[in-house]
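**Q** Okay, so here is coords-v1.cif, and as you'll see once you scroll down, it has mmCIF, C-alpha atoms and all ligand atoms.
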```
data_upload
#
loop_
_atom_site.label_atom_id
_atom_site.label_comp_id
_atom_site.auth_asym_id
_atom_site.auth_seq_id
_atom_site.Cartn_x
_atom_site.Cartn_y
_atom_site.Cartn_z
CA MET A 1 83.24 109.90 117.31
CA LYS A 2 85.74 107.17 116.38
CA LYS A 3 88.57 106.42 118.77
CA PHE A 4 91.97 107.49 117.49
CA ILE A 5 94.35 104.51 117.61
CA PHE A 6 97.97 104.57 118.80
CA ALA A 7 99.61 101.22 117.98
CA ALA A 8 103.13 100.97 119.40
CA ASN A 9 105.34 98.65 117.34
CA TRP A 10 108.20 97.75 119.65
CA LYS A 11 109.85 95.52 117.02
CA MET A 12 112.56 93.26 118.54
CA ASN A 13 113.10 95.46 121.59
CA LYS A 14 112.59 95.10 125.36
CA THR A 15 112.89 92.14 127.69
CA PRO A 16 109.78 90.94 129.54
CA LYS A 17 110.99 92.88 132.60
CA GLU A 18 111.51 96.07 130.58
CA SER A 19 108.02 95.66 129.11
CA GLN A 20 106.58 95.41 132.59
CA GLU A 21 108.45 98.53 133.71
CA PHE A 22 107.21 100.39 130.62
CA VAL A 23 103.59 99.57 131.46
CA GLU A 24 103.97 100.60 135.10
CA GLU A 25 105.31 104.02 134.12
CA PHE A 26 103.10 104.53 131.06
CA SER A 27 99.79 103.47 132.56
CA SER A 28 100.32 105.48 135.75
CA GLN A 29 100.54 108.65 133.65
CA LEU A 30 97.92 107.85 131.04
CA ASP A 31 94.74 109.88 131.41
CA PRO A 32 92.22 107.41 132.87
CA LYS A 33 89.45 109.18 130.96
CA LEU A 34 91.25 108.83 127.62
CA GLN A 35 88.73 107.95 124.92
CA ASN A 36 91.38 106.89 122.41
CA GLN A 37 92.87 103.42 122.06
CA VAL A 38 96.48 102.50 122.85
CA ILE A 39 97.81 99.11 121.67
CA LEU A 40 101.22 97.64 122.53
CA LEU A 41 102.62 95.31 119.83
CA ALA A 42 105.31 93.41 121.67
CA PRO A 43 107.78 90.65 120.85
CA ALA A 44 106.18 87.21 121.35
CA LEU A 45 108.53 86.42 124.23
CA SER A 46 107.11 89.28 126.32
CA LEU A 47 103.41 88.75 125.62
CA SER A 48 102.70 86.58 128.66
CA THR A 49 104.28 89.02 131.08
CA LEU A 50 102.58 91.95 129.39
CA ARG A 51 99.18 90.29 129.57
CA GLU A 52 99.48 90.32 133.34
CA SER A 53 100.86 93.86 133.51
CA LEU A 54 97.99 95.19 131.40
CA GLU A 55 95.29 93.63 133.59
CA GLY A 56 92.80 96.31 134.60
CA THR A 57 94.06 98.87 132.05
CA GLN A 58 92.39 99.97 128.79
CA ILE A 59 95.58 99.25 126.84
CA GLY A 60 95.31 96.61 124.11
CA LEU A 61 97.85 93.83 123.55
CA GLY A 62 99.13 92.67 120.18
CA ALA A 63 101.72 90.39 118.59
CA GLN A 64 103.95 91.40 115.68
CA ASN A 65 103.40 88.28 113.58
CA CYS A 66 101.69 84.89 113.56
CA PHE A 67 101.67 81.78 111.38
CA TYR A 68 98.63 80.70 109.37
CA GLU A 69 98.19 77.20 110.80
CA LYS A 70 96.76 76.42 114.22
CA SER A 71 99.42 73.83 115.17
CA GLY A 72 101.73 71.23 113.64
CA ALA A 73 105.22 70.71 112.27
CA PHE A 74 106.16 74.37 111.83
CA THR A 75 109.30 74.72 113.92
CA GLY A 76 109.79 78.16 115.38
CA GLU A 77 106.43 79.63 114.36
CA ASN A 78 103.83 81.32 116.56
CA SER A 79 100.31 79.92 116.48
CA PRO A 80 97.39 82.35 116.11
CA TRP A 81 95.35 79.93 118.22
CA VAL A 82 97.81 80.18 121.13
CA LEU A 83 98.03 83.97 120.82
CA SER A 84 94.28 84.14 121.07
CA GLU A 85 94.16 81.80 124.05
CA MET A 86 96.81 83.92 125.79
CA GLY A 87 94.49 86.92 125.61
CA VAL A 88 96.29 88.69 122.76
CA GLN A 89 93.79 90.81 120.82
CA PHE A 90 95.75 92.21 117.87
CA VAL A 91 98.37 90.96 115.42
CA LEU A 92 100.50 92.89 112.96
CA ILE A 93 100.44 91.29 109.50
CA GLY A 94 102.78 92.14 106.65
CA HIS A 95 104.97 94.78 108.27
CA SER A 96 107.52 95.88 105.66
CA GLU A 97 110.33 94.35 107.73
CA ARG A 98 108.56 90.97 107.52
CA ARG A 99 108.00 91.45 103.80
CA SER A 100 111.61 92.37 103.03
CA LEU A 101 113.77 90.60 105.65
CA PHE A 102 111.66 87.44 105.93
CA HIS A 103 110.39 87.33 102.33
CA GLU A 104 106.72 87.27 103.25
CA ASP A 105 104.71 87.57 100.04
CA ASP A 106 101.11 88.50 99.36
CA GLU A 107 99.98 84.88 99.15
CA LEU A 108 101.38 84.07 102.58
CA LEU A 109 99.94 87.26 104.04
CA ALA A 110 96.48 86.43 102.70
CA LYS A 111 96.65 83.12 104.59
CA LYS A 112 97.76 84.92 107.74
CA MET A 113 94.89 87.40 107.45
CA LYS A 114 92.45 84.51 107.19
CA ALA A 115 94.01 82.64 110.12
CA ALA A 116 94.02 85.70 112.37
CA GLU A 117 90.37 86.24 111.60
CA SER A 118 89.42 82.67 112.38
CA PHE A 119 91.05 82.94 115.81
CA GLN A 120 89.35 86.26 116.58
CA LEU A 121 92.55 88.27 116.42
CA THR A 122 92.23 91.77 114.99
CA SER A 123 94.86 92.06 112.26
CA ILE A 124 96.73 95.27 111.66
CA LEU A 125 97.61 94.84 107.99
CA CYS A 126 100.54 96.97 106.78
CA VAL A 127 100.96 98.20 103.21
CA GLY A 128 103.40 100.71 101.77
CA GLU A 129 105.59 101.61 98.83
CA ASN A 130 109.37 101.87 98.69
CA LEU A 131 111.23 104.97 97.53
CA THR A 132 111.70 103.79 93.94
CA GLU A 133 108.00 103.02 93.62
CA ARG A 134 107.15 106.48 94.93
CA GLU A 135 109.60 108.15 92.57
CA GLN A 136 108.09 106.20 89.68
CA ASN A 137 104.62 107.39 90.67
CA LYS A 138 103.50 103.86 91.47
CA THR A 139 102.48 104.42 95.11
CA LEU A 140 98.73 104.05 94.71
CA GLU A 141 99.02 101.08 92.39
CA VAL A 142 101.42 99.26 94.75
CA ILE A 143 99.44 99.76 97.94
CA GLU A 144 96.15 98.92 96.24
CA LEU A 145 97.55 95.60 95.02
CA GLN A 146 99.01 94.77 98.44
CA LEU A 147 95.63 95.43 100.04
CA ARG A 148 93.55 93.52 97.49
CA ASN A 149 95.93 90.54 97.61
CA ALA A 150 95.97 90.38 101.40
CA LEU A 151 92.17 90.19 101.43
CA GLN A 152 91.96 87.33 98.89
CA GLU A 153 90.95 84.73 101.47
CA HIS A 154 89.29 87.08 103.93
CA SER A 155 85.58 87.14 104.79
CA LYS A 156 85.52 90.84 103.80
CA LYS A 157 84.13 91.83 107.16
CA ALA A 158 85.30 95.03 108.82
CA ASN A 159 87.15 93.11 111.53
CA PHE A 160 90.68 94.37 110.90
CA ILE A 161 92.79 97.55 110.90
CA LEU A 162 94.82 98.81 107.96
CA ALA A 163 98.10 100.72 108.26
CA TYR A 164 99.70 102.76 105.48
CA GLU A 165 103.46 102.80 106.06
CA PRO A 166 105.61 104.24 103.29
CA ILE A 167 108.83 102.22 103.59
CA TRP A 168 111.03 105.25 102.96
CA ALA A 169 109.52 106.88 106.06
CA ILE A 170 110.07 103.95 108.46
CA GLY A 171 112.81 104.62 110.97
CA THR A 172 114.32 107.32 108.77
CA GLY A 173 112.99 110.48 110.38
CA LYS A 174 111.45 111.35 106.98
CA VAL A 175 107.74 111.55 107.64
CA ALA A 176 105.27 111.64 104.76
CA ASN A 177 103.85 115.13 104.54
CA PRO A 178 100.13 115.35 105.32
CA GLY A 179 99.32 115.70 101.61
CA GLN A 180 101.22 112.53 100.66
CA ALA A 181 99.74 110.59 103.57
CA ASN A 182 96.25 111.83 102.83
CA GLU A 183 96.39 110.87 99.16
CA ALA A 184 97.44 107.30 99.99
CA GLN A 185 95.03 106.94 102.91
CA LYS A 186 92.11 108.17 100.81
CA HIS A 187 92.97 105.77 98.03
CA LEU A 188 93.12 102.86 100.49
CA LYS A 189 89.72 103.86 101.86
CA SER A 190 88.24 103.82 98.36
CA VAL A 191 89.70 100.34 97.72
CA LEU A 192 88.28 99.17 101.05
CA GLU A 193 84.89 100.45 99.99
CA ASP A 194 85.15 98.62 96.71
CA VAL A 195 86.07 95.33 98.43
CA LEU A 196 84.02 95.54 101.62
CA GLY A 197 81.08 97.73 100.62
CA SER A 198 79.36 99.94 103.15
CA VAL A 199 81.13 98.44 106.21
CA ALA A 200 84.48 99.75 104.88
CA GLU A 201 84.18 102.88 106.97
CA ASP A 202 84.47 100.72 110.10
CA VAL A 203 88.05 99.75 109.17
CA PRO A 204 90.43 102.29 110.73
CA VAL A 205 93.30 103.32 108.48
CA LEU A 206 96.47 104.20 110.42
CA TYR A 207 99.53 106.09 109.23
CA GLY A 208 103.02 104.87 110.18
CA GLY A 209 106.54 106.09 109.44
CA SER A 210 108.56 108.38 111.70
CA VAL A 211 105.58 109.57 113.74
CA ASN A 212 106.75 111.51 116.79
CA SER A 213 105.43 114.06 119.27
CA LYS A 214 106.37 116.93 116.95
CA ASN A 215 104.46 115.78 113.86
CA ALA A 216 101.63 113.78 115.47
CA LYS A 217 99.21 116.65 115.98
CA GLU A 218 99.40 117.91 112.39
CA LEU A 219 99.07 114.43 110.90
CA SER A 220 96.15 113.59 113.16
CA LEU A 221 94.20 116.52 111.76
CA GLU A 222 94.03 114.81 108.36
CA PRO A 223 90.51 113.35 108.22
CA SER A 224 91.75 110.21 106.45
CA ILE A 225 94.13 109.29 109.31
CA ASP A 226 92.39 107.27 112.03
CA GLY A 227 95.47 106.52 114.09
CA PHE A 228 99.21 105.88 114.09
CA LEU A 229 101.56 102.92 113.98
CA ILE A 230 104.58 104.13 115.92
CA GLY A 231 107.99 102.44 116.02
CA GLY A 232 111.00 104.27 117.47
CA ALA A 233 108.99 106.92 119.31
CA SER A 234 106.98 104.27 121.18
CA LEU A 235 109.91 102.77 123.04
CA GLU A 236 110.00 105.29 125.90
CA PRO A 237 106.86 105.80 128.01
CA SER A 238 107.36 109.58 128.00
CA SER A 239 107.66 109.82 124.24
CA LEU A 240 104.57 107.65 123.59
CA LEU A 241 102.66 109.69 126.19
CA ASP A 242 103.68 112.91 124.44
CA ILE A 243 102.21 111.60 121.18
CA VAL A 244 98.98 110.43 122.83
CA ASN A 245 98.61 113.73 124.67
CA SER A 246 99.43 115.88 121.66
CA VAL A 247 96.60 114.33 119.68
CA LYS A 248 94.15 114.46 122.56
CA ALA A 249 94.84 118.15 123.15
P1 LIG B 301 109.07 104.27 112.96
O1 LIG B 301 108.51 102.78 112.64
O2 LIG B 301 107.96 104.98 113.69
O3 LIG B 301 110.29 104.05 113.78
O4 LIG B 301 109.33 104.92 111.65
C1 LIG B 301 107.19 102.55 112.25
C2 LIG B 301 106.98 101.09 111.98
O5 LIG B 301 107.91 100.43 111.48
O6 LIG B 301 105.90 100.53 112.24
#
```
Would it be possible to restate this file's structure as structure tokens?
Ligand code: PGA

**A**
Amino acid sequence: MKKFIFAANWKMNKTPKESQEFVEEFSSQLDPKLQNQVILLAPALSLSTLRESLEGTQIGLGAQNCFYEKSGAFTGENSPWVLSEMGVQFVLIGHSERRSLFHEDDELLAKKMKAAESFQLTSILCVGENLTEREQNKTLEVIELQLRNALQEHSKKANFILAYEPIWAIGTGKVANPGQANEAQKHLKSVLEDVLGSVAEDVPVLYGGSVNSKNAKELSLEPSIDGFLIGGASLEPSSLLDIVNSVKA
């Protein structure tokens, strides 16, 4: 059976010290026999400290963004090469906040997907429609295009994770109902199959957008949901543990 994935997107929260304290509390209460995968996606400034804190645990470490070049005159950017050398395993690509606040477009994201792959980082590629697109019945069209465009320069191997995050559900408390999530997730899986062929089933497809301990169990029962990308509810050890435990139970 596939591992269910819990990817915690901390966004621009927590100091290195707070990250360390989170791991101490969280890992001491995490079931050591847990078969599922927990990943912490932390701000770049805390990754070094977290790498040390996570030593000896099964918890994965990820960044929230990276640039597409290895090194050079790119002031302020984070190199995928350095992330990889630091022991970071995952990187979020194309989160809707990066797309909207930092104007990251599909062409840039395709380059980032390629760069992450060449430095052996597992990308977590985010796609999702906004409220207007949903109301205009364009959801499937929009997320399909985002996915196809992001894979333009990719080797088409099953070496990444996909996350469906409807923008109207991010940080709003409005979770997609299981039917809405399932329809989008299933469509993404069919596009993956078209692009990747038979290995497509090895790409986990996560759901993100207001996941919490109250809705996690029901959502996890949808066969098309292979894990969650969790923002607000991942900031406290107890609330992330509640989600992990509710799915396990
Ligand atoms: P949320 O954020 O769980 O707070 O809605 C999810 C995300 O932005 O990845």

**Q** How many Å lie between CA of Asp106 (chain A) and CA of Ala44 (chain A), rounded to one decimal?

**A** 22.6 Å

**Q** In Å, rounded to a single decimal, give me how far CA of Ile143 (chain A) is from CA of Val127 (chain A).

**A** 5.7 Å

**Q** Give as number ranges by chain the residues surrounding ligand LIG 301 (chain B) up to a distance of 9 Å, considering all atoms listed in the file.

**A** A: 7-11, 95-97, 126, 163, 165, 167-175, 207-212, 228-234

**Q** Using all atoms listed in the file, which residue out of A:Lys114, A:Arg148, A:Lys157, A:Lys214 lies closest to Val191 (chain A)?

**A**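 Result for the nearest residue to Val191 (chain A): A:Arg148.
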
**Q** Within 12 Å of Glu85 (chain A), counting all atoms listed in the file, which residues show up once you throw out same-chain ones fewer than 4 positions away? Write them as a PyMOL selection string, please.

**A** chain A and resi 47-48+51+70+79-81+89+119-121

**Q** CA of Ser246 (chain A) to CA of Ala200 (chain A): how many Å, to one decimal?

**A** 27.7 Å

**Q** Considering all atoms listed in the file, state which residue in the set A:Gln35, A:Thr122, A:Asn65, A:Ser239 is at the smallest distance from Glu77 (chain A).

**A** A:Asn65

**Q** Which one of A:Asp242, A:Glu69, A:Glu18, A:Glu55 sits closest to Lys111 (chain A) if you count only C-alpha atoms?

**A**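 Counting only C-alpha atoms, the residue closest to Lys111 (chain A) is A:Glu69.
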
**Q** Using all atoms listed in the file, pick whichever of A:Leu162, A:Ala176, A:Val199, A:Val23 has the shortest atom-to-atom distance to Val91 (chain A).

**A**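 Under the stated criterion, the closest residue is A:Leu162.
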
**Q** I'd like to know which of A:Ile124, A:Leu188, A:Asp31, A:Met12 is closest to Leu140 (chain A), using all atoms listed in the file.

**A** A:Leu188

**Q** Compare A:Pro166, A:Met86, A:Ser213, A:Gln185 by their minimum atom-to-atom distance to Thr132 (chain A), counting only C-alpha atoms, and give me the closest one.

**A** A:Pro166

**Q** Working from the structure I just supplied, which lacks atoms in region 202-219 of chain A, can you model N, CA and C atoms there and output them as a tab-separated table (two decimals), keeping the file's coordinate frame?

**A**
```tsv
chain	number	residue	atom	x	y	z
A	202	ASP	N	84.15	101.21	108.76
A	202	ASP	CA	84.47	100.72	110.10
A	202	ASP	C	85.90	100.20	110.22
A	203	VAL	N	86.64	100.19	109.11
A	203	VAL	CA	88.05	99.75	109.17
A	203	VAL	C	88.92	100.99	109.37
A	204	PRO	N	89.56	101.12	110.53
A	204	PRO	CA	90.43	102.29	110.73
A	204	PRO	C	91.66	102.18	109.83
A	205	VAL	N	92.09	103.31	109.31
A	205	VAL	CA	93.30	103.32	108.48
A	205	VAL	C	94.35	104.18	109.20
A	206	LEU	N	95.42	103.51	109.66
A	206	LEU	CA	96.47	104.20	110.42
A	206	LEU	C	97.56	104.70	109.47
A	207	TYR	N	98.31	105.68	109.95
A	207	TYR	CA	99.53	106.09	109.23
A	207	TYR	C	100.73	105.69	110.09
A	208	GLY	N	101.78	105.18	109.45
A	208	GLY	CA	103.02	104.87	110.18
A	208	GLY	C	104.23	105.28	109.38
A	209	GLY	N	105.29	105.67	110.08
A	209	GLY	CA	106.54	106.09	109.44
A	209	GLY	C	107.01	107.38	110.07
A	210	SER	N	107.95	107.23	111.03
A	210	SER	CA	108.56	108.38	111.70
A	210	SER	C	107.57	109.31	112.40
A	211	VAL	N	106.49	108.74	112.93
A	211	VAL	CA	105.58	109.57	113.74
A	211	VAL	C	106.28	109.88	115.06
A	212	ASN	N	106.21	111.14	115.48
A	212	ASN	CA	106.75	111.51	116.79
A	212	ASN	C	105.89	112.63	117.39
A	213	SER	N	106.29	113.09	118.58
A	213	SER	CA	105.43	114.06	119.27
A	213	SER	C	105.39	115.42	118.54
A	214	LYS	N	106.36	115.64	117.66
A	214	LYS	CA	106.37	116.93	116.95
A	214	LYS	C	105.44	116.94	115.73
A	215	ASN	N	105.30	115.78	115.07
A	215	ASN	CA	104.46	115.78	113.86
A	215	ASN	C	103.08	115.16	114.06
A	216	ALA	N	102.87	114.54	115.26
A	216	ALA	CA	101.63	113.78	115.47
A	216	ALA	C	100.37	114.63	115.35
A	217	LYS	N	100.41	115.81	115.96
A	217	LYS	CA	99.21	116.65	115.98
A	217	LYS	C	98.76	117.00	114.54
A	218	GLU	N	99.73	117.48	113.76
A	218	GLU	CA	99.40	117.91	112.39
A	218	GLU	C	98.86	116.74	111.55
A	219	LEU	N	99.53	115.60	111.66
A	219	LEU	CA	99.07	114.43	110.90
A	219	LEU	C	97.67	114.00	111.34
```
